[in-house]
Amino acid sequence: MTPFPPRLRKLTLTLHVTASVGWLGAVAAFLALAIAGLTSTSSETVRGTYLAMDLVGWFVIVPFGIASLLSGVAQSLGTVWGLLRHYWVIAKLLITVLATLLLLVHMQPVGHLADAAARAALEGGELEGMRIQLIADAAAALVVLLTAAALSVFKPRGVTRYGRRRQEPPARGGEQAVACPLAGPGGP
């Protein structure tokens, strides 16, 4: 596939960065709510926290996660990085797909806690294991999203076999193309 024209490339990059940073920030806010829900002594605060977490999860975090995944795939297909040419892009794709799937699974206990909070105030240790799990999951999600961000910034070297084939010029007249060992990813 040929790279996107500069304006379209910048648009998809802007969408991807915005969705990814939004996802990261929303998860950080979710973590703060989860900590407040576990540690607060005010039943009103605890109740409001879990109701807010359900809303933030479904209406902010999930859409940002899906937007980050879709815009990342579009961005990779429209740039020289490609989707399958570099190991860091594949790693980031796998991280994003797994994080999105785990997010959807993770939203089940959030909904359960929100339902329990809507019915009555959660007392002291009620559903404490699930409440602690929300904190652990949100903290792990932050680490995973920061890892994906670091991959985008540092772009570790490593070209896949497919990527090497795409970089090599086609062989002429029966000669086999030989890559220059001193050349970097962009050529000599």
# chains A, B, ... in the order shown; residues from 1 in each chain; ligands from 1

$ residues_around --residues "Pro156 of chain A" --least-positions-apart "3" --cutoff "9 Å" --atoms "only C-alpha atoms" --output "ChimeraX atom specification"
/A:86-88,151-153

$ write_last_selection --atoms "N, CA, C and O atoms" --output "mmCIF file, in the first residue's frame"
data_model
loop_
_atom_site.group_PDB
_atom_site.id
_atom_site.type_symbol
_atom_site.label_atom_id
_atom_site.label_comp_id
_atom_site.auth_asym_id
_atom_site.auth_seq_id
_atom_site.Cartn_x
_atom_site.Cartn_y
_atom_site.Cartn_z
ATOM 1 N N HIS A 86 7.539 -4.098 10.982
ATOM 2 C CA HIS A 86 8.431 -3.880 12.116
ATOM 3 C C HIS A 86 7.860 -4.560 13.357
ATOM 4 O O HIS A 86 6.659 -4.484 13.613
ATOM 5 N N TYR A 87 8.748 -5.164 14.127
ATOM 6 C CA TYR A 87 8.302 -5.879 15.319
ATOM 7 C C TYR A 87 7.626 -4.954 16.331
ATOM 8 O O TYR A 87 6.670 -5.347 16.992
ATOM 9 N N TRP A 88 8.091 -3.716 16.449
ATOM 10 C CA TRP A 88 7.490 -2.816 17.428
ATOM 11 C C TRP A 88 6.039 -2.498 17.066
ATOM 12 O O TRP A 88 5.200 -2.338 17.962
ATOM 13 N N LEU A 151 6.774 2.273 23.072
ATOM 14 C CA LEU A 151 7.103 1.645 21.784
ATOM 15 C C LEU A 151 6.945 2.639 20.642
ATOM 16 O O LEU A 151 7.738 2.649 19.703
ATOM 17 N N SER A 152 5.925 3.477 20.722
ATOM 18 C CA SER A 152 5.701 4.477 19.677
ATOM 19 C C SER A 152 6.800 5.526 19.639
ATOM 20 O O SER A 152 7.154 6.023 18.572
ATOM 21 N N VAL A 153 7.331 5.859 20.782
ATOM 22 C CA VAL A 153 8.353 6.904 20.862
ATOM 23 C C VAL A 153 9.734 6.351 20.504
ATOM 24 O O VAL A 153 10.452 6.927 19.698
#

$ residues_around --residues "Tyr50 of chain A" --least-positions-apart "3" --cutoff "10 Å" --atoms "only C-alpha atoms" --output "list in words"
Phe30, Leu33, Ala34, Ala36, Gly37, Leu38, Thr45, Val46, Arg47, Met53, Asp54, Leu55, Val56, Val110, Gly111, His112, Leu113, Ala114, Asp115, Ala116, Ala117, Ala118, Leu122 and Arg131 of chain A

$ atom_distance --atom1 "atom CA of Ala67 of chain A" --atom2 "atom CA of Arg7 of chain A"
19.3 Å

$ residues_around --residues "segment 60-66 of chain A" --least-positions-apart "4" --cutoff "7 Å" --atoms "only C-alpha atoms" --output "PDB file with C-alpha atoms, in the first residue's frame"
ATOM      1  CA  ALA A  19      -7.462   8.520  21.250  1.00  0.00           C
ATOM      2  CA  SER A  20      -4.412   6.891  22.849  1.00  0.00           C
ATOM      3  CA  GLY A  22      -7.428   9.977  26.048  1.00  0.00           C
ATOM      4  CA  TRP A  23      -7.473   6.250  26.816  1.00  0.00           C
ATOM      5  CA  ALA A  26      -9.331   7.986  31.332  1.00  0.00           C
ATOM      6  CA  VAL A  27      -7.722   4.874  32.822  1.00  0.00           C
ATOM      7  CA  VAL A  56     -16.550   6.438  32.468  1.00  0.00           C
ATOM      8  CA  LEU A  70      -8.746   1.439  14.676  1.00  0.00           C
ATOM      9  CA  THR A 100      -9.167  -3.754  24.304  1.00  0.00           C
TER      10      THR A 100
END

$ closest_residue --among "A:Leu101, A:Lys10, A:Pro109, A:Ala28" --to "Met130 of chain A" --atoms "only C-alpha atoms"
A:Pro109

$ closest_atom_pairs --of "segment 69-91 of chain A" --to "segment 137-149 of chain A" --cutoff "12 Å" --atoms "only C-alpha atoms" --output "Markdown table"
| residue | atom | partner | partner_atom | distance |
| --- | --- | --- | --- | --- |
| A:Leu69 | CA | A:Ala148 | CA | 11.4 |
| A:Gly72 | CA | A:Ala148 | CA | 11.1 |
| A:Trp88 | CA | A:Ala148 | CA | 9.1 |
| A:Val89 | CA | A:Ala148 | CA | 9.4 |
| A:Ile90 | CA | A:Ala148 | CA | 10.8 |
| A:Ala91 | CA | A:Ala148 | CA | 8.2 |

$ write_last_selection --atoms "C-alpha atoms" --output "short mmCIF file (atom, residue, chain, number, x, y, z; two decimals), in the first residue's frame"
data_model
loop_
_atom_site.label_atom_id
_atom_site.label_comp_id
_atom_site.auth_asym_id
_atom_site.auth_seq_id
_atom_site.Cartn_x
_atom_site.Cartn_y
_atom_site.Cartn_z
CA LEU A 69 -7.01 0.41 17.90
CA GLY A 72 -3.51 2.80 14.93
CA TRP A 88 7.49 -2.82 17.43
CA VAL A 89 4.35 -2.16 15.35
CA ILE A 90 3.25 -5.78 15.72
CA ALA A 91 3.94 -5.65 19.48
#

$ select_by_dssp --residues "chain A" --states "strand (DSSP E or B)" --output "list in words"
His86, Val159, Gly184 and Gly187 of chain A

$ write_last_selection --atoms "C-alpha atoms" --output "CSV table (one decimal), in the first residue's frame"
chain,number,residue,atom,x,y,z
A,86,HIS,CA,8.4,-3.9,12.1
A,159,VAL,CA,12.3,-5.6,10.8
A,184,GLY,CA,19.9,1.4,7.7
A,187,GLY,CA,18.8,2.5,2.6

$ closest_residue --among "A:Gly82, A:Leu77, A:Val17, A:Ser43" --to "Arg164 of chain A" --atoms "only C-alpha atoms"
A:Gly82

$ select_by_dssp --residues "chain A" --states "helix (DSSP H, G or I)" --output "ChimeraX atom specification"
/A:6-39,43-77,87-119,128-154,161-167

$ atom_distance --atom1 "atom CA of Val97 of chain A" --atom2 "atom CA of Leu51 of chain A"
26.5 Å

$ closest_residue --among "A:Met107, A:Val21, A:Ala32, A:Glu44" --to "Ala120 of chain A" --atoms "only C-alpha atoms"
A:Glu44

$ residues_around --residues "Arg161 of chain A" --least-positions-apart "5" --cutoff "12 Å" --atoms "only C-alpha atoms" --output "list in words"
Leu84, Arg85, His86, Tyr87, Arg166, Gln167 and Glu168 of chain A

$ residues_around --residues "Arg9 of chain A" --least-positions-apart "3" --cutoff "10 Å" --atoms "only C-alpha atoms" --output "number ranges by chain"
A: 3-6, 12-15, 74-79

$ closest_residue --among "A:Trp81, A:Thr41, A:Leu8, A:Gly57" --to "Gly163 of chain A" --atoms "only C-alpha atoms"
A:Trp81
